$ cat target.txt   # compact mmCIF, C-alpha atoms and all ligand atoms
# COMPACT_ATOMS: atom_id res chain seq x y z
CA MET G 47 3.14 -41.30 144.23
CA LYS G 48 1.88 -37.96 145.52
CA ARG G 49 4.40 -35.15 145.80
CA MET G 50 5.24 -34.14 149.37
CA TYR G 51 6.35 -30.67 150.42
CA ILE G 52 9.64 -30.69 152.31
CA SER G 53 8.00 -29.29 155.44
CA GLU G 54 5.64 -32.30 155.54
CA ILE G 55 8.46 -34.86 155.66
CA LYS G 56 9.07 -36.48 159.02
CA PRO G 57 11.82 -38.85 160.13
CA SER G 58 9.13 -41.54 160.08
CA SER G 59 8.14 -40.85 156.44
CA LYS G 60 9.35 -43.74 154.31
CA GLN G 61 9.15 -43.62 150.50
CA VAL G 62 8.63 -40.05 149.33
CA LEU G 63 8.48 -37.99 146.16
CA VAL G 64 9.76 -34.41 146.40
CA LYS G 65 10.07 -31.67 143.80
CA GLY G 66 12.06 -28.46 143.85
CA TRP G 67 15.33 -26.70 143.06
CA VAL G 68 18.91 -27.89 143.45
CA GLN G 69 20.35 -25.39 145.87
CA ARG G 70 23.73 -27.09 146.00
CA ILE G 71 25.26 -30.23 144.60
CA LYS G 72 28.55 -31.85 145.54
CA LEU G 73 30.21 -35.08 144.52
CA LEU G 74 32.44 -36.55 147.19
CA GLY G 75 34.08 -39.81 146.22
CA LYS G 76 31.28 -42.28 145.70
CA ILE G 77 28.56 -40.14 147.23
CA ALA G 78 26.56 -37.25 145.74
CA PHE G 79 25.06 -34.64 148.06
CA VAL G 80 22.11 -32.64 146.81
CA VAL G 81 20.53 -29.86 148.84
CA LEU G 82 16.96 -29.66 147.58
CA ARG G 83 14.77 -26.63 148.23
CA ASP G 84 11.08 -26.04 147.74
CA SER G 85 8.88 -23.18 148.93
CA THR G 86 8.53 -24.84 152.34
CA GLY G 87 12.13 -25.65 153.23
CA ILE G 88 15.39 -27.43 152.56
CA LEU G 89 16.19 -31.15 152.50
CA GLN G 90 19.53 -32.88 152.34
CA CYS G 91 19.54 -35.73 149.85
CA ILE G 92 22.30 -38.25 149.16
CA ALA G 93 22.93 -40.71 146.36
CA LYS G 94 25.25 -43.68 146.53
CA LYS G 95 24.48 -45.14 143.10
CA ASN G 96 24.85 -43.89 139.52
CA ILE G 97 26.39 -40.68 140.72
CA LYS G 98 27.95 -39.96 137.32
CA GLU G 99 24.52 -38.74 136.19
CA PHE G 100 24.72 -36.03 138.84
CA SER G 101 27.86 -34.42 137.56
CA ASN G 102 26.12 -32.24 134.97
CA ILE G 103 23.25 -31.04 137.14
CA THR G 104 23.54 -27.30 137.58
CA GLN G 105 22.64 -25.17 140.59
CA GLU G 106 18.94 -24.10 140.60
CA SER G 107 17.88 -26.82 138.17
CA VAL G 108 14.35 -28.08 138.80
CA VAL G 109 14.26 -31.75 139.74
CA GLU G 110 12.04 -34.42 141.18
CA ILE G 111 13.48 -36.97 143.53
CA LYS G 112 12.16 -40.27 144.78
CA GLY G 113 13.80 -41.73 147.81
CA VAL G 114 13.68 -43.14 151.30
CA VAL G 115 13.86 -41.00 154.44
CA LYS G 116 16.70 -42.11 156.72
CA LYS G 117 17.94 -40.95 160.10
CA SER G 118 21.25 -39.11 159.82
CA LYS G 119 23.54 -37.61 162.41
CA GLN G 120 25.21 -35.27 159.89
CA ALA G 121 21.98 -33.78 158.55
CA LYS G 122 20.78 -30.64 160.38
CA LYS G 123 17.24 -31.95 160.73
CA GLY G 124 18.34 -35.40 161.90
CA HIS G 125 17.10 -37.02 158.72
CA GLU G 126 17.98 -37.04 155.05
CA LEU G 127 16.69 -38.53 151.83
CA GLU G 128 18.46 -41.41 150.22
CA ILE G 129 17.88 -40.93 146.50
CA SER G 130 16.57 -43.87 144.51
CA ASP G 131 15.62 -41.85 141.44
CA LEU G 132 16.34 -38.29 140.32
CA LYS G 133 14.78 -36.71 137.25
CA VAL G 134 15.79 -33.32 135.91
CA ILE G 135 12.63 -31.42 134.94
CA ASN G 136 14.33 -28.26 133.70
CA LYS G 137 18.05 -27.63 133.75
CA SER G 138 19.20 -24.18 134.85
CA LYS G 139 21.63 -22.18 132.79
CA ALA G 140 25.03 -21.68 134.44
CA PRO G 141 26.53 -19.61 135.87
CA LEU G 142 23.70 -17.80 137.65
CA PRO G 143 23.55 -14.03 136.99
CA ALA G 144 23.17 -13.26 140.68
CA ASP G 145 24.19 -15.20 143.76
CA VAL G 146 21.14 -16.95 145.12
CA GLU G 147 22.61 -18.07 148.38
CA LYS G 148 24.23 -14.84 149.54
CA SER G 149 22.68 -11.52 150.39
CA LYS G 150 25.78 -9.48 149.53
CA THR G 151 24.61 -8.69 146.02
CA PHE G 152 23.43 -5.08 145.78
CA ILE G 153 19.71 -4.43 145.87
CA ASP G 154 19.62 -3.09 142.29
CA LYS G 155 21.09 -6.26 140.87
CA ARG G 156 18.89 -8.36 143.13
CA LEU G 157 15.82 -6.54 141.84
CA ASP G 158 16.97 -7.00 138.24
CA TYR G 159 16.87 -10.74 138.96
CA ARG G 160 14.02 -10.69 141.44
CA PHE G 161 12.79 -14.14 140.35
CA LEU G 162 16.15 -15.53 141.50
CA ASP G 163 16.41 -13.31 144.56
CA LEU G 164 13.11 -14.78 145.74
CA ARG G 165 14.65 -18.24 145.82
CA ARG G 166 16.27 -17.22 149.11
CA PRO G 167 14.20 -18.34 152.10
CA GLU G 168 14.78 -15.09 154.00
CA ILE G 169 13.40 -13.09 151.07
CA GLN G 170 10.41 -15.40 150.81
CA ALA G 171 9.92 -14.90 154.56
CA ILE G 172 9.36 -11.16 154.05
CA PHE G 173 6.59 -11.82 151.56
CA LYS G 174 5.01 -14.62 153.56
CA ILE G 175 4.75 -12.16 156.44
CA GLN G 176 3.35 -9.51 154.11
CA SER G 177 0.75 -12.01 152.93
CA GLU G 178 -0.22 -12.60 156.56
CA ILE G 179 -0.42 -8.83 157.16
CA ALA G 180 -2.88 -8.43 154.28
CA ASN G 181 -4.84 -11.51 155.28
CA SER G 182 -5.20 -10.49 158.92
CA PHE G 183 -6.17 -6.93 157.93
CA ARG G 184 -8.98 -8.42 155.83
CA GLU G 185 -9.93 -10.88 158.53
CA PHE G 186 -10.08 -8.18 161.22
CA PHE G 187 -12.50 -5.93 159.35
CA TYR G 188 -14.46 -8.75 157.77
CA LYS G 189 -15.17 -10.17 161.23
CA LYS G 190 -16.32 -6.73 162.37
CA GLY G 191 -18.97 -6.63 159.65
CA PHE G 192 -17.21 -4.29 157.22
CA THR G 193 -17.70 -4.88 153.48
CA GLU G 194 -14.70 -5.27 151.19
CA ILE G 195 -14.96 -2.93 148.20
CA GLN G 196 -13.17 -2.72 144.83
CA PRO G 197 -12.67 0.92 143.86
CA PRO G 198 -11.64 1.87 140.28
CA SER G 199 -7.99 2.40 139.41
CA ILE G 200 -8.63 4.70 136.45
CA ILE G 201 -10.07 8.05 137.42
CA SER G 202 -11.10 11.16 135.52
CA SER G 203 -9.61 13.76 137.85
CA SER G 204 -7.44 14.17 140.88
CA SER G 205 -8.73 12.69 144.10
CA GLU G 206 -6.51 14.72 146.38
CA GLY G 207 -6.05 17.96 144.53
CA GLY G 208 -2.34 17.45 144.12
CA THR G 209 -0.60 17.26 140.78
CA GLU G 210 1.19 13.99 141.34
CA LEU G 211 -0.82 11.89 138.89
CA PHE G 212 0.13 9.57 136.05
CA PRO G 213 -1.93 10.45 132.98
CA VAL G 214 -3.32 7.67 130.80
CA LYS G 215 -5.06 7.83 127.46
CA TYR G 216 -8.65 6.67 127.82
CA PHE G 217 -10.11 6.52 124.30
CA GLU G 218 -10.69 10.15 123.35
CA LYS G 219 -10.46 11.34 126.96
CA LYS G 220 -7.60 12.02 129.30
CA ALA G 221 -7.64 9.97 132.50
CA PHE G 222 -5.32 9.21 135.41
CA LEU G 223 -4.17 6.32 137.53
CA ALA G 224 -5.78 6.60 140.96
CA GLN G 225 -3.55 8.11 143.63
CA SER G 226 -5.96 6.90 146.32
CA PRO G 227 -9.43 5.33 146.63
CA GLN G 228 -10.38 8.30 148.83
CA LEU G 229 -13.43 9.64 147.03
CA TYR G 230 -14.94 6.24 146.26
CA LYS G 231 -14.67 4.84 149.75
CA GLN G 232 -16.22 8.04 151.08
CA MET G 233 -19.17 7.79 148.68
CA LEU G 234 -19.82 4.23 149.81
CA THR G 235 -20.23 5.21 153.47
CA SER G 236 -23.61 6.62 152.51
CA SER G 237 -24.83 3.11 151.62
CA LEU G 238 -22.63 0.31 152.99
CA GLU G 239 -21.52 2.44 155.99
CA ARG G 240 -18.37 0.49 156.87
CA VAL G 241 -15.97 -0.49 154.10
CA PHE G 242 -12.41 -1.72 153.72
CA MET G 243 -10.12 -2.43 150.78
CA ILE G 244 -6.59 -3.30 149.70
CA THR G 245 -5.91 -1.50 146.49
CA PRO G 246 -2.96 -0.30 144.37
CA VAL G 247 -2.29 3.43 144.05
CA TRP G 248 0.05 5.39 141.83
CA ARG G 249 1.83 8.63 142.65
CA ALA G 250 4.01 10.44 140.16
CA GLU G 251 6.30 11.83 142.86
CA LYS G 252 9.71 12.45 141.38
CA HIS G 253 11.70 11.86 144.54
CA ASN G 254 13.59 8.63 145.04
CA THR G 255 13.73 7.69 148.72
CA PRO G 256 14.08 4.45 150.70
CA ARG G 257 10.44 4.75 151.84
CA HIS G 258 8.53 5.85 148.75
CA LEU G 259 7.37 3.92 145.70
CA ASN G 260 5.50 5.22 142.67
CA GLU G 261 3.15 2.26 142.83
CA SER G 262 2.12 0.96 146.23
CA ARG G 263 -0.75 -0.84 147.88
CA GLN G 264 -3.01 0.67 150.51
CA MET G 265 -5.05 -0.94 153.24
CA ASP G 266 -7.95 1.46 153.71
CA ILE G 267 -11.09 1.77 155.77
CA GLU G 268 -13.93 4.28 155.83
CA VAL G 269 -16.67 4.38 158.48
CA ALA G 270 -20.00 6.21 158.58
CA PHE G 271 -20.96 8.03 161.79
CA ALA G 272 -17.38 8.07 163.06
CA ASN G 273 -14.92 10.80 164.05
CA GLN G 274 -11.12 10.79 164.05
CA PHE G 275 -10.85 9.24 167.50
CA GLU G 276 -13.11 6.31 166.65
CA VAL G 277 -11.12 5.38 163.57
CA MET G 278 -7.79 5.83 165.36
CA LYS G 279 -9.02 3.22 167.82
CA GLU G 280 -9.88 0.93 164.88
CA LEU G 281 -6.36 1.41 163.56
CA GLU G 282 -4.83 0.64 166.96
CA GLU G 283 -6.83 -2.56 167.26
CA ALA G 284 -6.23 -3.62 163.66
CA VAL G 285 -2.46 -3.19 163.94
CA LYS G 286 -2.41 -5.09 167.25
CA TYR G 287 -4.42 -7.89 165.64
CA ILE G 288 -2.12 -8.02 162.60
CA VAL G 289 1.03 -8.24 164.76
CA LYS G 290 -0.59 -10.91 166.94
CA LYS G 291 -1.41 -12.97 163.84
CA VAL G 292 2.09 -12.53 162.40
CA LEU G 293 3.52 -13.72 165.74
CA GLU G 294 1.25 -16.77 165.70
CA LYS G 295 1.51 -17.75 162.05
CA CYS G 296 4.98 -16.65 160.96
CA LYS G 297 7.25 -18.03 163.70
CA SER G 298 9.79 -19.63 161.37
CA GLU G 299 9.82 -16.59 159.07
CA LEU G 300 10.49 -14.24 162.00
CA GLU G 301 13.25 -16.56 163.14
CA LEU G 302 14.83 -16.55 159.69
CA LEU G 303 14.79 -12.76 159.74
CA ASN G 304 16.13 -12.71 163.29
CA LEU G 305 13.23 -10.61 164.51
CA LYS G 306 11.57 -10.50 167.88
CA LEU G 307 8.25 -8.68 167.57
CA LYS G 308 6.01 -7.36 170.31
CA ILE G 309 2.36 -6.45 170.09
CA PRO G 310 2.62 -2.64 170.11
CA LYS G 311 1.10 -0.24 172.60
CA ALA G 312 -0.56 2.98 171.48
CA ALA G 313 0.05 6.63 172.43
CA TYR G 314 -2.23 9.53 171.52
CA LEU G 315 -0.82 13.06 171.25
CA SER G 316 -2.25 16.15 169.65
CA TYR G 317 -0.20 17.56 166.76
CA GLU G 318 0.70 20.50 169.01
CA GLN G 319 1.92 18.32 171.87
CA ALA G 320 3.89 16.13 169.49
CA ILE G 321 5.61 18.89 167.52
CA LYS G 322 6.66 20.55 170.79
CA LYS G 323 8.10 17.27 172.06
CA VAL G 324 10.52 17.11 169.14
CA ASN G 325 11.26 20.87 169.17
CA GLY G 326 9.58 21.22 165.79
CA LYS G 327 8.03 24.40 164.42
CA LEU G 328 4.29 24.84 165.05
CA GLY G 329 2.52 24.84 161.71
CA GLU G 330 5.11 22.69 159.95
CA ASP G 331 5.11 19.01 159.07
CA PHE G 332 7.40 16.64 160.98
CA THR G 333 10.73 16.01 159.27
CA PRO G 334 11.72 12.34 158.87
CA GLU G 335 14.22 12.89 161.73
CA GLN G 336 11.47 14.29 163.97
CA GLU G 337 9.20 11.32 163.18
CA LYS G 338 12.04 9.03 164.17
CA LYS G 339 12.74 10.98 167.36
CA LEU G 340 9.09 10.88 168.39
CA CYS G 341 8.95 7.12 167.88
CA GLU G 342 12.12 6.67 169.95
CA MET G 343 10.34 8.38 172.84
CA TYR G 344 7.67 5.68 172.64
CA PRO G 345 9.32 2.35 171.78
CA ASP G 346 7.11 -0.48 170.47
CA THR G 347 4.23 1.97 170.24
CA ILE G 348 1.92 3.21 167.52
CA VAL G 349 2.21 6.97 168.01
CA PHE G 350 -0.91 8.86 166.93
CA THR G 351 -0.66 12.59 166.30
CA HIS G 352 -4.18 13.97 165.98
CA SER G 353 -5.95 17.30 165.48
CA TRP G 354 -3.47 18.53 162.86
CA PRO G 355 -3.56 22.10 161.49
CA VAL G 356 -6.04 22.48 158.61
CA ALA G 357 -3.20 23.94 156.54
CA LEU G 358 -1.23 20.69 156.63
CA LYS G 359 -4.07 18.31 155.73
CA PRO G 360 -5.90 17.66 152.44
CA PHE G 361 -9.01 19.66 151.52
CA TYR G 362 -11.43 16.87 152.43
CA ILE G 363 -10.39 16.71 156.10
CA MET G 364 -13.04 18.18 158.42
CA PRO G 365 -12.12 21.40 160.26
CA LYS G 366 -12.76 21.28 164.00
CA ASP G 367 -16.43 21.86 164.93
CA GLU G 368 -17.35 21.93 161.22
CA ASN G 369 -16.09 25.50 161.23
CA ILE G 370 -14.28 26.72 158.11
CA LYS G 371 -12.50 29.35 160.21
CA SER G 372 -11.01 26.73 162.50
CA LYS G 373 -7.26 26.35 162.19
CA ILE G 374 -7.39 22.85 163.67
CA SER G 375 -8.64 19.82 161.79
CA GLU G 376 -9.97 16.35 162.53
CA GLY G 377 -7.00 14.79 160.73
CA PHE G 378 -4.33 12.50 162.17
CA ASP G 379 -1.20 10.53 161.35
CA ALA G 380 0.03 7.27 162.84
CA LEU G 381 3.74 6.61 163.26
CA PHE G 382 5.38 3.28 163.97
CA ASN G 383 9.03 2.24 164.33
CA GLY G 384 10.31 5.58 163.13
CA MET G 385 7.99 6.65 160.33
CA GLU G 386 4.47 7.40 159.15
CA ILE G 387 2.42 4.30 158.45
CA SER G 388 -0.97 5.94 158.07
CA SER G 389 -2.93 9.14 157.63
CA GLY G 390 -6.61 9.59 158.25
CA GLY G 391 -9.33 11.63 159.83
CA GLN G 392 -12.91 12.77 159.71
CA ARG G 393 -14.00 13.97 156.25
CA ILE G 394 -16.17 16.86 155.20
CA HIS G 395 -19.66 15.54 154.41
CA ILE G 396 -21.30 18.97 154.01
CA PRO G 397 -21.21 20.17 150.35
CA LYS G 398 -21.14 23.89 151.19
CA LEU G 399 -18.26 23.43 153.58
CA LEU G 400 -16.43 21.28 151.07
CA ILE G 401 -16.67 24.02 148.40
CA GLU G 402 -15.42 26.60 150.86
CA MET G 403 -12.52 24.36 151.79
CA LEU G 404 -11.61 23.70 148.16
CA LYS G 405 -11.46 27.45 147.62
CA LEU G 406 -9.41 27.93 150.76
CA LYS G 407 -6.95 25.37 149.42
CA LYS G 408 -6.84 27.23 146.07
CA LEU G 409 -8.50 24.34 144.20
CA ASN G 410 -11.22 24.79 141.64
CA PRO G 411 -14.57 23.39 142.94
CA LYS G 412 -15.63 22.85 139.31
CA ASN G 413 -13.12 20.03 139.09
CA PHE G 414 -14.81 18.29 142.00
CA THR G 415 -18.48 18.61 141.02
CA ASP G 416 -19.33 14.87 141.02
CA TYR G 417 -17.56 14.39 144.29
CA VAL G 418 -19.27 17.32 146.02
CA ASN G 419 -22.67 16.32 144.60
CA SER G 420 -22.36 12.85 146.09
CA PHE G 421 -22.80 14.42 149.53
CA GLU G 422 -26.02 16.29 148.59
CA TYR G 423 -28.48 13.46 149.18
CA GLY G 424 -28.08 12.20 152.71
CA SER G 425 -24.43 11.70 153.52
CA PRO G 426 -23.54 10.79 157.09
CA TYR G 427 -20.47 12.25 158.76
CA HIS G 428 -17.65 9.74 158.35
CA ALA G 429 -13.97 9.05 158.94
CA GLY G 430 -11.29 6.68 157.73
CA TRP G 431 -7.62 6.03 157.13
CA SER G 432 -5.08 4.38 154.92
CA ILE G 433 -2.08 2.24 155.82
CA GLY G 434 0.54 1.64 153.14
CA LEU G 435 0.99 -2.13 152.90
CA GLU G 436 4.64 -1.97 151.88
CA ARG G 437 5.33 0.90 154.28
CA PHE G 438 3.85 -1.07 157.14
CA THR G 439 5.77 -4.23 156.21
CA MET G 440 8.94 -2.16 156.09
CA THR G 441 8.44 -0.65 159.55
CA LEU G 442 7.23 -3.87 161.18
CA LEU G 443 10.20 -5.85 159.88
CA LYS G 444 12.62 -2.94 160.38
CA LEU G 445 13.80 -3.11 156.76
CA ASN G 446 15.99 -0.26 155.53
CA ASN G 447 14.39 0.01 152.09
CA ILE G 448 10.73 -0.28 151.05
CA ARG G 449 11.87 -2.10 147.89
CA GLU G 450 12.85 -5.05 150.10
CA CYS G 451 9.18 -5.74 150.72
CA THR G 452 7.87 -4.96 147.23
CA PHE G 453 7.89 -7.87 144.79
CA PHE G 454 8.51 -5.79 141.68
CA PRO G 455 9.02 -2.15 142.72
CA ARG G 456 8.04 0.74 140.53
CA ASP G 457 10.16 3.75 141.38
CA ARG G 458 11.57 6.83 139.65
CA THR G 459 13.93 4.75 137.56
CA ARG G 460 12.62 1.19 137.67
CA LEU G 461 9.89 -0.12 135.43
CA THR G 462 11.21 -3.66 134.96
CA PRO G 463 10.99 -6.51 135.71
P1 LIG X 1 4.61 10.38 153.42
O1 LIG X 1 4.43 11.62 154.26
O2 LIG X 1 5.23 9.24 154.16
O3 LIG X 1 5.24 10.66 152.10
P2 LIG X 1 1.88 10.78 152.64
O4 LIG X 1 1.41 11.55 153.82
O5 LIG X 1 2.21 11.51 151.39
O6 LIG X 1 3.14 9.87 153.04
P3 LIG X 1 -0.71 9.53 152.49
O7 LIG X 1 -1.37 10.22 151.37
O8 LIG X 1 -1.04 9.93 153.86
O9 LIG X 1 0.88 9.61 152.27
O10 LIG X 1 -0.86 7.96 152.25
C1 LIG X 1 -1.29 7.06 153.23
C2 LIG X 1 -0.22 6.03 153.56
O11 LIG X 1 0.23 5.36 152.37
C3 LIG X 1 1.03 6.62 154.15
O12 LIG X 1 0.89 6.79 155.53
C4 LIG X 1 2.05 5.56 153.83
O13 LIG X 1 1.93 4.45 154.71
C5 LIG X 1 1.62 5.10 152.46
N1 LIG X 1 2.31 5.81 151.38
C6 LIG X 1 2.08 7.08 150.95
N2 LIG X 1 2.85 7.42 149.93
C7 LIG X 1 3.60 6.33 149.66
C8 LIG X 1 4.60 6.05 148.68
N3 LIG X 1 4.97 6.95 147.79
N4 LIG X 1 5.15 4.81 148.68
C9 LIG X 1 4.77 3.89 149.58
N5 LIG X 1 3.84 4.10 150.51
C10 LIG X 1 3.26 5.29 150.58
MG MG X 2 0.10 11.09 155.19
$ encode --input "target.txt" --output "C-alpha cells"
Amino acid sequence: MKRMYISEIKPSSKQVLVKGWVQRIKLLGKIAFVVLRDSTGILQCIAKKNIKEFSNITQESVVEIKGVVKKSKQAKKGHELEISDLKVINKSKAPLPADVEKSKTFIDKRLDYRFLDLRRPEIQAIFKIQSEIANSFREFFYKKGFTEIQPPSIISSSSEGGTELFPVKYFEKKAFLAQSPQLYKQMLTSSLERVFMITPVWRAEKHNTPRHLNESRQMDIEVAFANQFEVMKELEEAVKYIVKKVLEKCKSELELLNLKLKIPKAAYLSYEQAIKKVNGKLGEDFTPEQEKKLCEMYPDTIVFTHSWPVALKPFYIMPKDENIKSKISEGFDALFNGMEISSGGQRIHIPKLLIEMLKLKKLNPKNFTDYVNSFEYGSPYHAGWSIGLERFTMTLLKLNNIRECTFFPRDRTRLTP
C-alpha cells in the first residue's frame, strides 16, 4: 500500500497507510486515541483492539498506521482513522527535553532543540512561507529574463571596505567569508546584464539584536543600464509579486499564524524629505525608532528613501551626476513594516571615479585593484539591491525576532546546533 500524506486523506478515502509522529496518545477504557502528525497535518486515529500494545508508545515516536477512514462527529475534521495495524518505526526517548506542543518555552531553549521545535505546525508554517518567498523571488526574476548566478563565498579581501569580516585560513593565504556578493554581481552586469541570486553572507558584527544575524541569506539583483529609480521599481514589483504568491499559496500557514496580509503599496521619498518627516538630523542615519515611525506614517507600504548623502553610503554607490564633489548619491533604502529590508542604488562603473571615491572614504585603492580593473574594459552603468531573506520574512510575518525565521541561527553567541 502506498503511503498517503494526511492532507490527501478525504472522508471518502477507505483503506489508508499513513506515517508520522505520535503527537499525543491517550488510553480511555477500551479505546486508544492517537493524534498522528506528518508534515502536512494532523489526523485523529482510534484503536478498539489490542490497545495494551499502545501503552508504551511515547510522545513523538515515529509510527506507521494502517486503517480505515470513518466519519466521526467528535473529530475536528469530521473523519478519523480506525486503526487496524500500528507499527512503531522508531520510539522516542521520554520525557522530551522541550515541550513540542506549547510555544511558552523560551526561544533559546527552543533553538537548542530546533529539530523538536520544528515539529510544531506554526513553526513549520514560518518556513513554508519563507520557502515560498524565495521561490517567488526566483520565479519573478527568472520570468523577466534575468540569469541566476552563484557567486563565491570565500573572498580574498573586503567587498564593502568595512572590517566586519570572518577570516578563514585558505592554504597558505588569508581569506574571508563573503559579507556580500556585491563585487561579483557587479562584474557580471558587463556580460549577462541582468542577474539575480540567493546567497549566504557572513558579517562579524559583534552586536546582538533581534534583527541581526552573523550569517544570513540575501536575495540580490544587479542590472546593467539601470539607475536607482529603475531598480527601486523592480524591488516594488518583486515584493508585490512575492506577497501575492504567499497569499495564494500559503493560506493555511497564514491562518495558523493568525496573519492577514495585504499586497503592499509603495511610497518614494528622498532621504531629505524622509529624515525631516521623522524630525531626524540631516546627514545622519535613521535610528530604528525613526524607521519605525516612518513606516507607521505609511501603513502596508514599502517606503523607499532615495538619493541618500554620499557620506552615509558605501564607496561603490554613484554620486549624483557622476560628480565626486556631489554630496548626494544614487543610493536608496527600502523600509517595510517598521524596518530596513533592503539597500541598493546605482554603482560607480568609472574606474577613475571609483579610485577617487575609495580615497574619499579613506580606503586604500590598492586593496581593490582587481575590482577597479574589472570596469576598465567596457562596463555599462548599472544598479542593484539586496533584500535580506530572513529580515524580509521577519517583517512580512511581523515576528519579533529574526531567529524565529532562521532554521539554525548563527549569532554572537550561538554556533550550535
Ligand atoms: P541594517 O542597517 O539593518 O543593519 P545594513 O544596512 O547594514 O542593515 P546592508 O548591507 O544594506 O545592511 O544589507 C542588505 C540587506 O540585508 C539589509 O537591508 C537587510 O535586509 C539584510 N541584512 C543586513 N545585515 C543583516 C544582518 N546582520 N542580519 C540579517 N539581515 C541583514
Ligand atoms: Mg543597508
$ residues_near_point --input "target.txt" --point "(15.9, -14.7, 145.4)" --cutoff "12 Å" --atoms "only C-alpha atoms" --output "PyMOL selection string"
chain G and resi 69+85+106+142-151+153+155-173+450+453
$ residues_near_ligand --input "target.txt" --ligand "ligand LIG 1 (chain X)" --cutoff "7 Å" --atoms "only C-alpha atoms and all ligand atoms" --output "list in words"
Arg249, Arg257, His258, Leu259, Asn260, Glu261, Ser262, Gln264, Glu386, Ile387, Ser388, Ser389, Ser432, Ile433, Gly434, Leu435, Glu436, Arg437 and Phe438 of chain G
$ residues_near_point --input "target.txt" --point "(7.0, -7.3, 169.1)" --cutoff "10 Å" --atoms "all atoms listed in the file" --output "number ranges by chain"
G: 286, 289-290, 292-293, 305-311, 346-347, 442-443
$ closest_residue --input "target.txt" --among "G:Asn369, G:Ser226, G:Asn410, G:Gln336" --to "ligand MG 2 (chain X)" --atoms "all atoms listed in the file"
G:Ser226
$ atom_distance --input "target.txt" --atom1 "atom CA of G:Gln61" --atom2 "atom CA of G:Val114"
4.6 Å
$ residues_around --input "target.txt" --residues "G:Thr235" --least-positions-apart "2" --cutoff "12 Å" --atoms "only C-alpha atoms" --output "PyMOL selection string"
chain G and resi 192-193+195+228-233+237-242+267-272+393+395+420-421+424-430
$ decode --input "target.txt" --residues "stretch 296-301 of chain G" --atoms "all heavy atoms" --output "mmCIF file, in the first residue's frame"
data_model
loop_
_atom_site.group_PDB
_atom_site.id
_atom_site.type_symbol
_atom_site.label_atom_id
_atom_site.label_comp_id
_atom_site.auth_asym_id
_atom_site.auth_seq_id
_atom_site.Cartn_x
_atom_site.Cartn_y
_atom_site.Cartn_z
ATOM 1 N N CYS G 296 -0.034 30.117 0.491
ATOM 2 C CA CYS G 296 0.205 29.791 1.914
ATOM 3 C C CYS G 296 -1.001 30.159 2.778
ATOM 4 O O CYS G 296 -0.834 30.666 3.894
ATOM 5 C CB CYS G 296 1.458 30.509 2.414
ATOM 6 S SG CYS G 296 2.918 30.174 1.438
ATOM 7 N N LYS G 297 -2.205 29.894 2.272
ATOM 8 C CA LYS G 297 -3.421 30.276 3.020
ATOM 9 C C LYS G 297 -3.463 29.632 4.405
ATOM 10 O O LYS G 297 -3.702 30.303 5.395
ATOM 11 C CB LYS G 297 -4.655 29.853 2.223
ATOM 12 C CG LYS G 297 -4.945 30.736 1.031
ATOM 13 C CD LYS G 297 -6.396 30.573 0.584
ATOM 14 C CE LYS G 297 -6.661 31.414 -0.642
ATOM 15 N NZ LYS G 297 -6.221 30.776 -1.893
ATOM 16 N N SER G 298 -3.236 28.305 4.443
ATOM 17 C CA SER G 298 -3.382 27.634 5.739
ATOM 18 C C SER G 298 -2.267 28.050 6.693
ATOM 19 O O SER G 298 -2.477 28.154 7.903
ATOM 20 C CB SER G 298 -3.418 26.113 5.562
ATOM 21 O OG SER G 298 -2.234 25.687 4.939
ATOM 22 N N GLU G 299 -1.076 28.320 6.151
ATOM 23 C CA GLU G 299 0.035 28.750 7.002
ATOM 24 C C GLU G 299 -0.257 30.127 7.608
ATOM 25 O O GLU G 299 -0.019 30.366 8.790
ATOM 26 C CB GLU G 299 1.348 28.802 6.210
ATOM 27 C CG GLU G 299 1.953 27.448 5.875
ATOM 28 C CD GLU G 299 1.284 26.738 4.712
ATOM 29 O OE1 GLU G 299 0.483 27.387 3.993
ATOM 30 O OE2 GLU G 299 1.548 25.544 4.507
ATOM 31 N N LEU G 300 -0.800 31.025 6.781
ATOM 32 C CA LEU G 300 -1.130 32.371 7.281
ATOM 33 C C LEU G 300 -2.209 32.283 8.353
ATOM 34 O O LEU G 300 -2.193 33.007 9.349
ATOM 35 C CB LEU G 300 -1.574 33.277 6.130
ATOM 36 C CG LEU G 300 -0.467 33.663 5.145
ATOM 37 C CD1 LEU G 300 -1.054 34.362 3.912
ATOM 38 C CD2 LEU G 300 0.564 34.576 5.810
ATOM 39 N N GLU G 301 -3.146 31.357 8.131
ATOM 40 C CA GLU G 301 -4.213 31.163 9.104
ATOM 41 C C GLU G 301 -3.648 30.665 10.432
ATOM 42 O O GLU G 301 -4.014 31.173 11.499
ATOM 43 C CB GLU G 301 -5.177 30.115 8.546
ATOM 44 C CG GLU G 301 -6.632 30.395 8.857
ATOM 45 C CD GLU G 301 -7.506 29.493 8.012
ATOM 46 O OE1 GLU G 301 -7.805 28.388 8.480
ATOM 47 O OE2 GLU G 301 -7.838 29.885 6.861
#
